[in-house]
Amino acid sequence: MTQTWMITGANRGIGLALTMALLRRGDHVVAAARNPWGGALAELASEHMAALTLLELDVTSDNSVAAAKQVLAGRPLDVLVNNAGIHGPRGTQSALSMDFDGWREVFEVNVYGPLRVAQAFLPNVEAGAGRKIATITSRMGSIGLNPSGSLPYRSSKAAVNMTMVVFGNAVRERDISVLLFHPGWVRTDMGGGGADIAPDESALGLIATIDSSGMAQTNSFRTWQGEAIPW
Ligand SMILES: NC(=O)c1ccc[n+]([C@@H]2O[C@H](COP(=O)([O-])OP(=O)(O)OC[C@H]3O[C@@H](n4cnc5c(N)ncnc54)[C@H](OP(=O)(O)O)[C@@H]3O)[C@@H](O)[C@H]2O)c1
């Protein structure tokens with residue numbers, strides 16, 4: 001059965017790969033991005049007029065999310081994917097010398113963004129049959145893996161893990177599963193050219209793992225292939 005997925009940060013990287021893979025298999029996609037009207041999404045929209053909805057959305061902005069919520073009012077979503085994210089200032093992220101404004105910005109996108117989006121589109125997910133909200137976090141947010149370096153990014157991913165687990169417990173009785181994923185080390189603008197896997201491989205793994213997940217997996221922290229990651 002055709003599903004409808006909404007992806008944030010859908011204009012490039014993993015978000016674009018998810019969008020393309022879902023369209024290829026015949027699903028409908030709401031591709032949300034700060035500027036969805038140009039670039040790769042505009043090209044895709046001309047090929048997939050019926051299946052692709054472009055939605056302007058800045059996850060850090062209450063006004064932008066409220067406007068997008070209005071546009072999507074009444075439209076059921078099977079799966080909502082919080083994918084948008086930033087790494088933050090490179091080189092000034094040290095535990096010994098911190099760019100605090102840069103750190104704050106990372107939290108705006110990576111922590112407050114996913115919760116703002118999950119709250120806004122919860123009625124759409126409740127109206128759908130899939131009832132899943134997935135967040136692309138990172139194994140770099142694992143405290144158990146004894147981290148060092150990249151403090152703003154790592155702390156934001158640890159914080160979004162906690163945020164979405166608390167959210168997951170708040171929506172557990174509504175049968176909505178809340179899932180946390182490390183997408184692999186992926187060749188995107190963020191991951192860099194030397195990363196392990198192509199965006200398409202990550203996207204296909206994420207989609208297969210999300211497809212096979214339900215309430216039994218709510219509040220799990222796993223890789224794109226479904227392997228558990230220590231908190
Ligand atoms: N690549 C990896 O190896 C890797 C590993 C672990 C986790 N992740 C996570 O995977 C997710 C996707 O990463 P990626 O590698 O695809 O990164 P990317 O290529 O840098 O793409 C990031 C996406 O997030 C969007 N974004 C940034 N700020 C936003 C905002 N305020 N509102 C809406 N969208 C915003 C960007 O949109 P603009 O074009 O408008 O900037 C872009 O679409 C992120 O959450 C990242 O932390 C990636």
# chains A, B, ... in the order shown; residues from 1 in each chain; ligands from 1

call {"tool": "residues_around", "arguments": {"residues": "Pro123 (chain A)", "least_positions_apart": "4", "cutoff": "10 Å", "atoms": "only C-alpha atoms", "output": "PyMOL selection string"}}
result
chain A and resi 69+73-77+118-119+127-128

call {"tool": "write_last_selection", "arguments": {"atoms": "N, CA and C atoms", "output": "short mmCIF file (atom, residue, chain, number, x, y, z; two decimals), in the first residue's frame"}}
result
data_model
loop_
_atom_site.label_atom_id
_atom_site.label_comp_id
_atom_site.auth_asym_id
_atom_site.auth_seq_id
_atom_site.Cartn_x
_atom_site.Cartn_y
_atom_site.Cartn_z
N LYS A 69 2.57 23.76 8.95
CA LYS A 69 1.51 22.96 9.59
C LYS A 69 0.15 23.30 8.96
N ALA A 73 -2.41 20.79 6.94
CA ALA A 73 -3.53 20.47 7.83
C ALA A 73 -4.45 19.43 7.20
N GLY A 74 -4.77 18.38 7.96
CA GLY A 74 -5.70 17.36 7.50
C GLY A 74 -5.09 16.28 6.63
N ARG A 75 -3.80 16.40 6.30
CA ARG A 75 -3.17 15.38 5.43
C ARG A 75 -2.51 14.31 6.30
N PRO A 76 -2.95 13.06 6.21
CA PRO A 76 -2.34 12.01 7.02
C PRO A 76 -0.90 11.72 6.59
N LEU A 77 -0.04 11.50 7.56
CA LEU A 77 1.35 11.08 7.30
C LEU A 77 1.55 9.71 7.93
N ALA A 118 8.02 17.47 15.43
CA ALA A 118 7.21 16.33 15.90
C ALA A 118 5.92 16.80 16.55
N GLN A 119 6.00 17.87 17.35
CA GLN A 119 4.78 18.40 17.98
C GLN A 119 3.81 18.94 16.93
N ALA A 127 -3.28 10.76 12.24
CA ALA A 127 -4.31 10.49 11.21
C ALA A 127 -3.86 9.44 10.21
N GLY A 128 -2.56 9.09 10.23
CA GLY A 128 -2.03 8.11 9.28
C GLY A 128 -2.08 6.69 9.84
#

call {"tool": "closest_atom_pairs", "arguments": {"of": "chain A", "to": "ligand 1", "cutoff": "7 Å", "atoms": "only C-alpha atoms and all ligand atoms", "output": "tab-separated table"}}
result
residue	atom	partner	partner_atom_place_in_ligand_line	distance
A:Thr8	CA	ligand 1	34 (N)	6.0
A:Gly9	CA	ligand 1	43 (O)	3.4
A:Ala10	CA	ligand 1	43 (O)	5.2
A:Asn11	CA	ligand 1	43 (O)	4.8
A:Arg12	CA	ligand 1	43 (O)	4.7
A:Gly13	CA	ligand 1	16 (O)	3.5
A:Ile14	CA	ligand 1	16 (O)	3.8
A:Gly15	CA	ligand 1	16 (O)	5.7
A:Ala33	CA	ligand 1	34 (N)	5.2
A:Arg34	CA	ligand 1	40 (O)	4.8
A:Asn35	CA	ligand 1	40 (O)	6.1
A:Leu57	CA	ligand 1	33 (C)	5.8
A:Asp58	CA	ligand 1	32 (N)	3.5
A:Val59	CA	ligand 1	32 (N)	4.0
A:Thr60	CA	ligand 1	31 (N)	4.9
A:Asn83	CA	ligand 1	45 (O)	4.7
A:Ala84	CA	ligand 1	24 (O)	3.5
A:Gly85	CA	ligand 1	45 (O)	3.6
A:Ile86	CA	ligand 1	27 (C)	5.4
A:His87	CA	ligand 1	47 (O)	6.4
A:Val109	CA	ligand 1	31 (N)	5.3
A:Asn110	CA	ligand 1	45 (O)	6.6
A:Ile136	CA	ligand 1	45 (O)	5.1
A:Thr137	CA	ligand 1	7 (C)	5.4
A:Ser138	CA	ligand 1	7 (C)	4.2
A:Arg139	CA	ligand 1	6 (C)	6.7
A:His182	CA	ligand 1	6 (C)	5.5
A:Pro183	CA	ligand 1	6 (C)	5.4
A:Gly184	CA	ligand 1	5 (C)	5.5
A:Trp185	CA	ligand 1	3 (O)	3.4
A:Val186	CA	ligand 1	3 (O)	3.7
A:Arg187	CA	ligand 1	1 (N)	5.9
A:Thr188	CA	ligand 1	19 (O)	4.5
A:Asp189	CA	ligand 1	19 (O)	4.3
A:Met190	CA	ligand 1	20 (O)	4.1
A:Gly191	CA	ligand 1	1 (N)	3.6
A:Ala195	CA	ligand 1	3 (O)	6.5

call {"tool": "residues_around", "arguments": {"residues": "region 40-47 of chain A", "least_positions_apart": "3", "cutoff": "10 Å", "atoms": "only C-alpha atoms", "output": "ChimeraX atom specification"}}
result
/A:10-12,16,19-20,23,31-33,35-37,50-54

call {"tool": "residues_around", "arguments": {"residues": "Pro114 (chain A)", "least_positions_apart": "6", "cutoff": "8 Å", "atoms": "only C-alpha atoms", "output": "PyMOL selection string"}}
result
chain A and resi 59+82+135+160

call {"tool": "write_last_selection", "arguments": {"atoms": "N, CA, C and O atoms", "output": "mmCIF file, in the first residue's frame"}}
result
data_model
loop_
_atom_site.group_PDB
_atom_site.id
_atom_site.type_symbol
_atom_site.label_atom_id
_atom_site.label_comp_id
_atom_site.auth_asym_id
_atom_site.auth_seq_id
_atom_site.Cartn_x
_atom_site.Cartn_y
_atom_site.Cartn_z
ATOM 1 N N VAL A 59 13.323 24.381 10.397
ATOM 2 C CA VAL A 59 12.980 23.708 11.657
ATOM 3 C C VAL A 59 13.275 24.561 12.888
ATOM 4 O O VAL A 59 12.807 24.240 13.982
ATOM 5 N N ASN A 82 12.596 13.263 10.968
ATOM 6 C CA ASN A 82 13.395 14.423 11.354
ATOM 7 C C ASN A 82 14.823 14.166 10.896
ATOM 8 O O ASN A 82 15.577 13.442 11.556
ATOM 9 N N THR A 135 13.910 9.931 13.934
ATOM 10 C CA THR A 135 14.851 11.046 13.968
ATOM 11 C C THR A 135 16.232 10.528 13.590
ATOM 12 O O THR A 135 16.684 9.504 14.109
ATOM 13 N N VAL A 160 19.117 15.181 21.667
ATOM 14 C CA VAL A 160 17.924 14.844 20.866
ATOM 15 C C VAL A 160 17.514 13.395 21.145
ATOM 16 O O VAL A 160 16.321 13.069 21.108
#

call {"tool": "residues_around", "arguments": {"residues": "region 200-207 of chain A", "least_positions_apart": "6", "cutoff": "6 Å", "atoms": "only C-alpha atoms", "output": "PyMOL selection string"}}
result
chain A and resi 17-18+183+224-225

call {"tool": "residues_around", "arguments": {"residues": "Ala129 (chain A)", "least_positions_apart": "3", "cutoff": "10 Å", "atoms": "only C-alpha atoms", "output": "ChimeraX atom specification"}}
result
/A:3-4,76-79,125-126,132,176

call {"tool": "closest_residue", "arguments": {"among": "A:Ala216, A:Ile210, A:Ala198, A:Ala158", "to": "Arg172 (chain A)", "atoms": "only C-alpha atoms"}}
result
A:Ala216

call {"tool": "closest_residue", "arguments": {"among": "A:Leu72, A:Val65, A:Ala95, A:Val29", "to": "Gly113 (chain A)", "atoms": "only C-alpha atoms"}}
result
A:Val65

call {"tool": "residues_around", "arguments": {"residues": "Gly149 (chain A)", "least_positions_apart": "5", "cutoff": "9 Å", "atoms": "only C-alpha atoms", "output": "ChimeraX atom specification"}}
result
/A:93-95,154

call {"tool": "closest_residue", "arguments": {"among": "A:Leu22, A:Met215, A:Ile143, A:Pro230", "to": "Asn169 (chain A)", "atoms": "only C-alpha atoms"}}
result
A:Met215

call {"tool": "select_by_dssp", "arguments": {"residues": "region 15-204 of chain A", "states": "strand (DSSP E or B)", "output": "PyMOL selection string"}}
result
chain A and resi 28-33+52-56+79-82+93+98+132-136+177-182+186+197

call {"tool": "closest_residue", "arguments": {"among": "A:Ser148, A:Ser61, A:Ser220, A:Asn124", "to": "Leu179 (chain A)", "atoms": "only C-alpha atoms"}}
result
A:Ser220
